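Engineer: File follows, upload16.csv with CSV, C-alpha atoms and all ligand atoms:
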chain,number,residue,atom,x,y,z
A,211,MET,CA,3.6,-12.5,-2.1
A,212,LYS,CA,6.5,-13.9,0.0
A,213,LEU,CA,6.2,-14.6,3.7
A,214,SER,CA,2.4,-14.5,3.5
A,215,LEU,CA,-0.1,-17.2,3.9
A,216,SER,CA,-2.9,-17.4,1.3
A,217,LEU,CA,-6.4,-17.4,2.7
A,218,GLY,CA,-8.1,-17.9,-0.6
A,219,SER,CA,-9.8,-15.6,-3.1
A,220,TYR,CA,-13.1,-14.1,-3.9
A,221,LYS,CA,-14.1,-12.4,-7.3
A,222,ASN,CA,-10.5,-12.6,-8.4
A,223,VAL,CA,-9.1,-10.8,-5.4
A,224,LYS,CA,-6.6,-12.9,-3.4
A,225,VAL,CA,-6.4,-12.6,0.4
A,226,TYR,CA,-3.1,-13.0,2.2
A,227,ILE,CA,-2.1,-12.9,5.8
A,228,HIS,CA,1.4,-11.6,6.6
A,229,TRP,CA,3.6,-13.7,8.8
A,230,THR,CA,4.0,-10.9,11.4
A,231,PHE,CA,0.3,-11.6,12.2
A,232,SER,CA,1.4,-14.7,14.1
A,233,LEU,CA,3.5,-12.4,16.4
A,234,LEU,CA,0.4,-10.5,17.3
A,235,LEU,CA,-1.4,-13.7,18.4
A,236,LEU,CA,1.7,-14.9,20.2
A,237,TRP,CA,2.0,-11.6,22.0
A,238,ILE,CA,-1.7,-11.8,23.1
A,239,ILE,CA,-1.1,-15.3,24.5
A,240,ILE,CA,2.2,-14.6,26.3
A,241,SER,CA,1.3,-11.2,27.8
A,242,ASN,CA,-2.1,-12.3,29.1
A,243,SER,CA,-0.9,-15.7,30.5
A,244,ARG,CA,1.9,-13.9,32.3
A,245,GLN,CA,-0.8,-11.9,34.0
A,246,GLY,CA,-2.4,-15.1,35.1
A,247,MET,CA,-5.4,-15.0,32.7
A,248,PRO,CA,-7.2,-18.3,32.4
A,249,GLY,CA,-6.7,-20.1,29.0
A,250,MET,CA,-10.4,-19.9,28.1
A,251,ASP,CA,-10.4,-16.1,28.4
A,252,ILE,CA,-7.3,-15.8,26.2
A,253,LEU,CA,-9.0,-18.0,23.7
A,254,TRP,CA,-11.9,-15.7,23.6
A,255,ILE,CA,-9.6,-12.7,23.0
A,256,ILE,CA,-8.0,-14.5,20.1
A,257,ILE,CA,-11.5,-15.3,18.7
A,258,PHE,CA,-12.3,-11.6,19.0
A,259,VAL,CA,-9.1,-10.5,17.2
A,260,LEU,CA,-9.7,-13.0,14.4
A,261,ALA,CA,-13.3,-11.9,14.0
A,262,LEU,CA,-12.2,-8.3,14.0
A,263,PHE,CA,-9.7,-9.0,11.2
A,264,ALA,CA,-12.4,-10.7,9.3
A,265,CYS,CA,-14.3,-7.4,9.5
A,266,VAL,CA,-11.1,-5.7,8.2
A,267,VAL,CA,-11.1,-8.1,5.2
A,268,PHE,CA,-14.8,-7.1,4.5
A,269,HIS,CA,-13.8,-3.5,4.7
A,270,GLU,CA,-11.0,-4.0,2.1
A,271,PHE,CA,-13.4,-6.0,0.0
A,272,GLY,CA,-15.7,-2.9,0.1
A,273,HIS,CA,-13.0,-0.9,-1.6
A,274,ALA,CA,-12.0,-3.7,-4.0
A,275,LEU,CA,-15.5,-4.5,-5.2
A,276,ALA,CA,-16.4,-0.8,-5.6
A,277,ALA,CA,-13.3,-0.4,-7.7
A,278,GLN,CA,-14.2,-3.5,-9.8
A,279,LYS,CA,-17.4,-1.7,-10.7
A,280,TYR,CA,-15.3,0.9,-12.4
A,281,GLY,CA,-13.1,-1.7,-14.1
A,282,ILE,CA,-10.2,-1.4,-11.7
A,283,GLN,CA,-8.8,-4.7,-10.5
A,284,THR,CA,-7.3,-5.3,-7.1
A,285,LYS,CA,-4.0,-7.3,-7.0
A,286,ASP,CA,-4.5,-8.6,-3.5
A,287,ILE,CA,-5.6,-7.8,0.1
A,288,VAL,CA,-2.9,-8.3,2.7
A,289,LEU,CA,-3.6,-8.4,6.4
A,290,TYR,CA,-0.9,-7.0,8.7
A,291,PRO,CA,-1.1,-6.8,12.5
A,292,ILE,CA,-1.9,-3.1,12.2
A,293,GLY,CA,-4.7,-3.6,9.6
A,294,GLY,CA,-5.4,-4.6,6.0
A,295,VAL,CA,-4.2,-3.2,2.7
A,296,ALA,CA,-6.1,-3.6,-0.6
A,297,ARG,CA,-3.6,-3.2,-3.4
A,298,LEU,CA,-5.6,-1.6,-6.2
A,299,GLU,CA,-4.1,-1.6,-9.7
A,300,LYS,CA,-4.6,2.1,-9.7
A,301,LEU,CA,-6.8,4.7,-8.0
A,302,PRO,CA,-9.8,6.0,-9.9
A,303,GLU,CA,-9.1,9.7,-10.9
A,304,GLU,CA,-12.7,10.5,-11.6
A,305,PRO,CA,-13.8,12.3,-8.3
A,306,LYS,CA,-17.2,10.5,-8.0
A,307,GLN,CA,-15.5,7.1,-8.6
A,308,GLU,CA,-12.8,7.8,-6.0
A,309,LEU,CA,-15.5,8.9,-3.6
A,310,TRP,CA,-17.4,5.6,-3.9
A,311,VAL,CA,-14.3,3.5,-3.8
A,312,ALA,CA,-13.0,5.3,-0.6
A,313,ILE,CA,-16.3,5.4,1.2
A,314,SER,CA,-17.3,1.8,0.5
A,315,GLY,CA,-14.8,0.5,3.1
A,316,PRO,CA,-16.1,2.4,6.1
A,317,LEU,CA,-19.7,1.8,4.9
A,318,VAL,CA,-19.1,-1.9,5.3
A,319,ASN,CA,-18.1,-1.4,8.9
A,320,ILE,CA,-21.1,0.8,9.6
A,321,GLY,CA,-23.3,-2.0,8.0
A,322,ILE,CA,-21.7,-4.6,10.3
A,323,PHE,CA,-22.2,-2.3,13.3
A,324,LEU,CA,-25.9,-1.8,12.5
A,325,ILE,CA,-26.5,-5.6,12.0
A,326,LEU,CA,-24.7,-6.4,15.3
A,327,SER,CA,-26.6,-3.6,17.1
A,328,LEU,CA,-29.8,-5.2,16.0
A,329,VAL,CA,-28.7,-8.5,17.4
A,330,LEU,CA,-27.7,-6.9,20.6
A,331,ASN,CA,-31.0,-5.1,20.9
A,332,PHE,CA,-32.7,-8.4,20.9
A,333,THR,CA,-30.4,-9.7,23.7
A,334,GLY,CA,-31.0,-6.6,25.8
A,335,PHE,CA,-27.7,-4.9,25.7
A,336,ASP,CA,-27.4,-1.1,25.7
A,337,ILE,CA,-25.0,-0.5,22.8
A,338,THR,CA,-24.7,3.3,23.5
A,339,ASN,CA,-23.2,2.6,27.0
A,340,LEU,CA,-19.5,2.2,26.0
A,341,GLU,CA,-18.3,2.4,29.5
A,342,GLN,CA,-19.6,-1.0,30.2
A,343,LEU,CA,-16.9,-2.3,27.9
A,344,GLU,CA,-14.2,-1.6,30.6
A,345,SER,CA,-15.9,-3.6,33.2
A,346,ILE,CA,-16.9,-6.7,31.2
A,347,LYS,CA,-14.4,-9.1,29.7
A,348,ILE,CA,-14.6,-10.7,26.3
A,349,GLY,CA,-16.6,-13.9,26.4
A,350,PRO,CA,-19.3,-15.8,24.5
A,351,SER,CA,-22.0,-13.3,25.7
A,352,THR,CA,-20.1,-10.1,25.2
A,353,ILE,CA,-18.1,-10.8,22.0
A,354,VAL,CA,-20.9,-9.4,19.8
A,355,LEU,CA,-20.9,-6.2,21.8
A,356,TYR,CA,-17.1,-5.8,21.5
A,357,LEU,CA,-17.3,-6.5,17.7
A,358,ALA,CA,-20.1,-4.0,17.3
A,359,SER,CA,-18.1,-1.2,19.0
A,360,ALA,CA,-14.9,-2.2,17.2
A,361,ASN,CA,-16.6,-1.8,13.9
A,362,LEU,CA,-18.0,1.6,14.8
A,363,ILE,CA,-14.5,2.7,15.9
A,364,LEU,CA,-13.0,1.3,12.7
A,365,ALA,CA,-15.5,3.2,10.5
A,366,LEU,CA,-14.9,6.5,12.4
A,367,PHE,CA,-11.2,6.1,12.5
A,368,ASN,CA,-11.0,5.5,8.8
A,369,LEU,CA,-13.3,8.5,8.2
A,370,ILE,CA,-10.7,11.0,9.7
A,371,PRO,CA,-10.3,13.4,6.8
A,372,ALA,CA,-6.5,12.8,6.5
A,373,PHE,CA,-4.4,10.8,4.1
A,374,PRO,CA,-3.7,7.9,4.1
A,375,MET,CA,-7.1,7.3,5.8
A,376,ASP,CA,-10.1,6.7,3.6
A,377,GLY,CA,-11.5,10.0,4.9
A,378,GLY,CA,-8.6,11.8,3.2
A,379,ARG,CA,-9.5,10.4,-0.1
A,380,ILE,CA,-13.2,11.2,0.4
A,381,LEU,CA,-12.2,14.8,1.2
A,382,ARG,CA,-10.0,15.0,-1.9
A,383,ALA,CA,-12.8,13.6,-4.1
A,384,PHE,CA,-15.2,16.2,-2.8
A,385,LEU,CA,-12.7,19.0,-3.5
A,386,ALA,CA,-11.7,17.6,-6.9
A,387,ILE,CA,-15.3,17.9,-8.1
A,388,ARG,CA,-14.7,21.7,-8.2
A,389,MET,CA,-10.9,22.0,-8.8
A,390,PRO,CA,-7.9,20.2,-10.4
A,391,ARG,CA,-6.9,17.0,-8.7
A,392,ALA,CA,-3.4,18.1,-7.8
A,393,LYS,CA,-4.8,21.3,-6.1
A,394,ALA,CA,-7.5,19.2,-4.3
A,395,THR,CA,-4.8,16.9,-3.0
A,396,LYS,CA,-2.7,19.8,-1.8
A,397,ILE,CA,-5.6,21.2,0.3
A,398,ALA,CA,-6.6,17.8,1.6
A,399,GLY,CA,-3.0,17.0,2.4
A,400,SER,CA,-2.6,20.3,4.4
A,401,ILE,CA,-5.8,19.6,6.3
A,402,GLY,CA,-4.6,16.1,7.1
A,403,GLN,CA,-1.2,17.3,8.3
A,404,PHE,CA,-2.9,20.0,10.5
A,405,LEU,CA,-5.1,17.3,12.1
A,406,ALA,CA,-2.0,15.1,12.5
A,407,ILE,CA,-0.1,17.9,14.4
A,408,PHE,CA,-3.2,18.4,16.6
A,409,LEU,CA,-3.3,14.6,17.2
A,410,ILE,CA,0.4,14.5,18.1
A,411,PHE,CA,0.0,17.3,20.7
A,412,PHE,CA,-3.2,15.9,22.1
A,413,GLY,CA,-1.6,12.5,22.3
A,414,LEU,CA,1.6,13.8,24.1
A,415,PHE,CA,-0.6,14.7,27.1
A,416,ASN,CA,-3.1,11.8,26.9
A,417,ASN,CA,-2.2,8.7,24.9
A,418,PRO,CA,1.1,7.8,23.3
A,419,ILE,CA,-0.7,5.7,20.6
A,420,LEU,CA,-2.3,8.9,19.3
A,421,VAL,CA,1.2,10.3,18.8
A,422,LEU,CA,2.2,7.3,16.7
A,423,ILE,CA,-1.0,7.6,14.6
A,424,GLY,CA,-0.4,11.3,14.2
A,425,VAL,CA,3.1,10.8,12.9
A,426,PHE,CA,1.8,8.0,10.6
A,427,ILE,CA,-0.9,10.4,9.2
A,428,PHE,CA,1.6,13.3,8.9
A,429,LEU,CA,4.0,11.2,6.8
A,430,GLY,CA,1.2,9.6,4.8
A,431,ALA,CA,-0.4,13.0,3.9
A,432,GLY,CA,3.0,14.3,2.7
A,433,ALA,CA,3.6,11.2,0.6
A,434,GLU,CA,0.2,11.4,-1.0
A,435,VAL,CA,0.7,15.0,-2.0
A,436,SER,CA,4.1,14.4,-3.6
A,437,HIS,CA,2.8,11.3,-5.3
A,438,THR,CA,-0.1,13.2,-6.9
A,439,GLN,CA,2.2,16.1,-7.7
A,440,GLN,CA,4.6,13.8,-9.5
A,441,GLU,CA,1.7,12.2,-11.3
A,442,SER,CA,0.3,15.5,-12.5
A,443,LEU,CA,3.7,16.7,-13.7
A,444,LEU,CA,4.1,13.5,-15.7
A,445,LYS,CA,0.8,14.1,-17.5
A,446,GLY,CA,1.2,14.9,-21.2
A,447,PHE,CA,4.5,13.2,-21.5
A,448,LYS,CA,5.3,9.9,-23.2
A,449,VAL,CA,7.7,7.2,-22.2
A,450,LYS,CA,10.0,8.2,-25.0
A,451,ASP,CA,10.5,11.6,-23.2
A,452,ALA,CA,12.1,10.0,-20.2
A,453,ILE,CA,13.8,7.1,-21.9
A,454,MET,CA,17.5,6.3,-21.0
A,455,MET,CA,19.5,5.3,-24.0
A,456,LYS,CA,22.9,5.1,-22.1
A,457,PHE,CA,23.2,2.2,-19.8
A,458,GLN,CA,25.8,-0.4,-18.8
A,459,ILE,CA,25.5,-3.9,-20.1
A,460,LEU,CA,26.5,-7.3,-18.8
A,461,GLY,CA,26.6,-10.7,-20.5
A,462,PHE,CA,24.1,-13.3,-19.2
A,463,ASP,CA,26.8,-15.9,-18.7
A,464,ALA,CA,29.4,-13.6,-17.0
A,465,PRO,CA,30.1,-14.2,-13.3
A,466,LEU,CA,28.7,-11.9,-10.7
A,467,SER,CA,32.2,-10.6,-10.0
A,468,LYS,CA,32.0,-8.7,-13.4
A,469,ALA,CA,28.8,-7.0,-12.1
A,470,VAL,CA,30.5,-6.1,-8.8
A,471,GLU,CA,33.4,-4.5,-10.8
A,472,LYS,CA,31.0,-2.4,-12.8
A,473,LEU,CA,28.9,-1.5,-9.8
A,474,LEU,CA,32.0,-0.2,-7.9
A,475,ASN,CA,33.4,1.6,-10.9
A,476,SER,CA,30.3,3.5,-12.1
A,477,GLN,CA,27.3,5.4,-11.0
A,478,ALA,CA,24.9,2.8,-12.3
A,479,THR,CA,22.7,1.0,-9.9
A,480,HIS,CA,21.2,-1.4,-12.4
A,481,PHE,CA,22.4,-3.0,-15.6
A,482,VAL,CA,20.9,-4.5,-18.8
A,483,VAL,CA,21.7,-8.2,-19.3
A,484,VAL,CA,22.4,-9.2,-22.9
A,485,LYS,CA,22.5,-12.5,-24.7
A,486,ASP,CA,23.8,-12.6,-28.3
A,487,ASP,CA,23.6,-8.8,-28.4
A,488,VAL,CA,20.0,-8.8,-27.4
A,489,ALA,CA,18.7,-7.3,-24.2
A,490,VAL,CA,17.1,-10.1,-22.1
A,491,GLY,CA,17.0,-8.9,-18.5
A,492,THR,CA,17.9,-6.4,-15.8
A,493,LEU,CA,20.2,-6.7,-12.9
A,494,SER,CA,19.9,-4.4,-9.9
A,495,ARG,CA,22.2,-3.6,-7.1
A,496,ASN,CA,20.0,-5.5,-4.6
A,497,GLU,CA,20.0,-8.6,-6.9
A,498,ILE,CA,23.8,-8.4,-7.1
A,499,ILE,CA,24.1,-8.3,-3.3
A,500,LYS,CA,21.6,-11.1,-2.8
A,501,GLY,CA,23.4,-13.2,-5.4
A,502,LEU,CA,26.7,-12.6,-3.6
A,503,GLN,CA,25.3,-13.7,-0.3
A,504,GLU,CA,23.7,-16.8,-1.7
A,505,GLY,CA,26.1,-18.1,-4.3
A,506,GLY,CA,29.3,-16.0,-4.2
A,507,GLU,CA,30.9,-14.0,-7.0
A,508,ASN,CA,31.3,-17.0,-9.4
A,509,LEU,CA,27.5,-17.3,-9.7
A,510,LEU,CA,26.3,-16.7,-13.2
A,511,ILE,CA,24.5,-13.4,-13.8
A,512,GLU,CA,21.5,-15.0,-15.4
A,513,LYS,CA,20.9,-16.9,-12.1
A,514,VAL,CA,20.2,-13.7,-10.2
A,515,ALA,CA,19.1,-11.2,-12.9
A,516,ASP,CA,15.4,-10.5,-13.6
A,517,MET,CA,15.1,-12.3,-16.9
A,518,ASN,CA,11.5,-11.3,-17.3
A,519,PRO,CA,11.6,-7.5,-17.1
A,520,MET,CA,8.6,-5.3,-17.2
A,521,LYS,CA,8.1,-3.7,-20.7
A,522,VAL,CA,6.7,-0.3,-21.6
A,523,GLU,CA,6.1,1.2,-25.1
A,524,THR,CA,7.7,4.4,-26.3
A,525,GLU,CA,4.3,5.9,-27.0
A,526,GLU,CA,2.7,4.9,-23.6
A,527,ASP,CA,1.7,7.8,-21.3
A,528,LEU,CA,4.5,8.4,-18.9
A,529,ASP,CA,2.3,8.7,-15.8
A,530,GLU,CA,0.6,5.4,-16.7
A,531,ALA,CA,3.9,3.6,-17.1
A,532,TRP,CA,5.2,5.1,-13.8
A,533,LYS,CA,2.1,3.9,-11.9
A,534,ARG,CA,2.4,0.5,-13.4
A,535,MET,CA,6.1,0.3,-12.2
A,536,LEU,CA,5.0,1.4,-8.7
A,537,THR,CA,2.2,-1.2,-8.4
A,538,GLU,CA,4.5,-4.0,-9.7
A,539,SER,CA,7.3,-2.6,-7.5
A,540,ARG,CA,9.7,-2.4,-10.4
A,541,LYS,CA,12.6,0.0,-10.3
A,542,VAL,CA,13.4,-0.4,-14.0
A,543,ALA,CA,11.6,-1.4,-17.2
A,544,PHE,CA,12.5,-2.1,-20.8
A,545,VAL,CA,11.3,0.5,-23.3
A,546,ILE,CA,10.1,-1.2,-26.5
A,547,GLU,CA,9.4,0.4,-29.9
A,548,ASN,CA,7.9,-1.7,-32.7
A,549,GLY,CA,8.8,-4.8,-30.8
A,550,HIS,CA,12.4,-3.9,-30.4
A,551,PHE,CA,14.3,-3.0,-27.3
A,552,LEU,CA,15.2,0.7,-27.4
A,553,GLY,CA,16.4,1.7,-23.9
A,554,ILE,CA,15.3,1.6,-20.3
A,555,LEU,CA,13.1,3.6,-18.0
A,556,ASP,CA,14.0,3.8,-14.4
A,557,GLN,CA,12.2,5.3,-11.4
A,558,GLU,CA,15.2,7.4,-10.4
A,559,ASN,CA,15.3,8.8,-13.9
A,560,ILE,CA,11.6,9.6,-13.8
A,561,SER,CA,12.1,11.4,-10.5
A,562,GLU,CA,14.9,13.5,-12.0
A,563,PHE,CA,12.7,14.2,-15.0
A,564,VAL,CA,10.0,15.5,-12.6
A,565,MET,CA,12.6,17.7,-10.7
A,566,VAL,CA,13.7,19.3,-13.9
A,567,LYS,CA,10.1,20.0,-14.9
A,568,THR,CA,9.3,21.5,-11.5
A,569,ALA,CA,12.4,23.7,-11.7
A,570,ILE,CA,11.4,24.9,-15.2
A,571,GLN,CA,7.8,25.6,-14.0
A,572,LYS,CA,8.9,27.9,-11.2
B,1,ZN,ZN,-10.3,1.6,3.9
Would you give me this structure, written as structure tokens?
Ligand SMILES: [Zn+2]
Structural biologist:
Amino acid sequence: MKLSLSLGSYKNVKVYIHWTFSLLLLWIIISNSRQGMPGMDILWIIIFVLALFACVVFHEFGHALAAQKYGIQTKDIVLYPIGGVARLEKLPEEPKQELWVAISGPLVNIGIFLILSLVLNFTGFDITNLEQLESIKIGPSTIVLYLASANLILALFNLIPAFPMDGGRILRAFLAIRMPRAKATKIAGSIGQFLAIFLIFFGLFNNPILVLIGVFIFLGAGAEVSHTQQESLLKGFKVKDAIMMKFQILGFDAPLSKAVEKLLNSQATHFVVVKDDVAVGTLSRNEIIKGLQEGGENLLIEKVADMNPMKVETEEDLDEAWKRMLTESRKVAFVIENGHFLGILDQENISEFVMVKTAIQK
């Protein structure tokens, strides 16, 4: 993972922190010191933010370890300034498994909240009096109180029944126990978008951050519905049904200028790289542009091409191959039959395949 700092790993799940996270810390330091806040107070705010993000990591581990129980691995957990993302290899489709994987994250925060509440109880704080938070600043004696409230808010926020929040998945899992997954997703998605519109309107008159969250939820719900629809339309097909046998080829030792020429003179956005008549790699439009910027048009194609392309088998289920391409962020893959290269599978082509299927269904 580029531009991210590794924080280590636990049970085969690597944890990374994205570089933009440093901007958040920088912003906290600059904005508060400009208001004349003493250095010690700023330090406590930073300790609070770091502790809160540790709780976010625990939340993501809740998902990752629950998924591991069902044999699903997690590629990594990445921390961004807006929160964490656990990249699961795939989502469990069995409703009860999805329910457990989705609910495990918020449950972790509720667990932390309960433990911290107990601690607070001993120290004499009234945890239910949230108003006191506005009057006390973060410091050694109040950080536990802040962390407890933050964990409760994290849990409740994630339980909002709308994609892409955990609550959206929990809702879909409940619905999917009684109906097909695609239909359950459609209903859960509509509920999520309805909530998002409500949140946007409410936020317009109260808090602009709610408007942003509303837009985020609205788009996320739409994306989840179309993703699941695509997935269910691909079911029952094999890779060989969507294979592309016509493609443009380029020699591995040709200069980039050859690729540019082909790019400008055809509809193709990626090419198959060959060596002694054997397909050995793929070259995408982005790789061509990157190569031009870094080494100019005399650079050899093999220097910029992906010489270790993803491989799928002709008899592999199309939905599985598609999901694999998504998780590995691959736009194109080699299709192999009996150990031999047969053609390519590309995401655009899969999307066209789905559009044709939908048109026929209607
Ligand atoms: Zn979560």
Engineer: Hey, which bits of segment 247-319 of chain A sit within 12 Å of segment 388-402 of chain A, and for each residue what's the closest pair of atoms and how far apart in Å (one decimal), counting only C-alpha atoms, rows by chain and increasing number, as CSV?
Structural biologist:
residue,atom,partner,partner_atom,distance
A:Pro302,CA,A:Arg391,CA,11.4
A:Glu303,CA,A:Arg391,CA,7.9
A:Glu304,CA,A:Arg391,CA,9.2
A:Pro305,CA,A:Arg391,CA,8.4
A:Lys306,CA,A:Arg388,CA,11.5
A:Glu308,CA,A:Arg391,CA,11.3
Engineer: Would you kindly return, as a ChimeraX atom specification, each protein, DNA or RNA residue with an atom no farther than 7 Å from any atom of Lys448 of chain A, considering all atoms listed in the file and excluding same-chain residues fewer than 5 positions away?
Structural biologist: /A:524-528
Engineer: Residues within 9 Å of ligand ZN 1 (chain B), counting all atoms listed in the file: report them as a PyMOL selection string.
Structural biologist: chain A and resi 266+269-270+272-273+294-296+311-316+365+368-369+375-377
Engineer: How many Å separate atom CA of Ser219 of chain A from atom CA of Leu298 of chain A?
Structural biologist: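 Taking atom CA of Ser219 of chain A and atom CA of Leu298 of chain A, their separation equals 14.9 Å.
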Engineer: For a test of reading the model, state the distance in Å between atom CA of Arg297 of chain A and atom CA of Thr537 of chain A, rounded to one decimal.
Structural biologist: 7.9 Å
Engineer: Contacts of segment 437-442 of chain A at 7 Å or less, counting only C-alpha atoms, minus same-chain residues fewer than 4 places along, as a VMD selection string?
Structural biologist: chain A and resid 392 433 529 564
Engineer: What's the 10 Å shell around Ile282 of chain A, counting only C-alpha atoms, without same-chain residues fewer than 6 positions away, as JSON, numbers by chain?
Structural biologist: {"A": [274, 275, 276, 298, 299, 300, 301, 302]}
Engineer: Of the residues A:Ser436, A:Ser214, A:Asn548, A:Ser494, which is the one nearest to Gln458 of chain A, using all atoms listed in the file?
Structural biologist: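 That would be A:Ser494, the residue with the smallest distance to Gln458 of chain A.
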Engineer: Which polymer residues, protein or nucleic acid, are no farther than 10 Å from (17.7, -14.2, -11.3), counting all atoms listed in the file, as a ChimeraX atom specification?
Structural biologist: /A:491-493,497-498,500-501,510-518
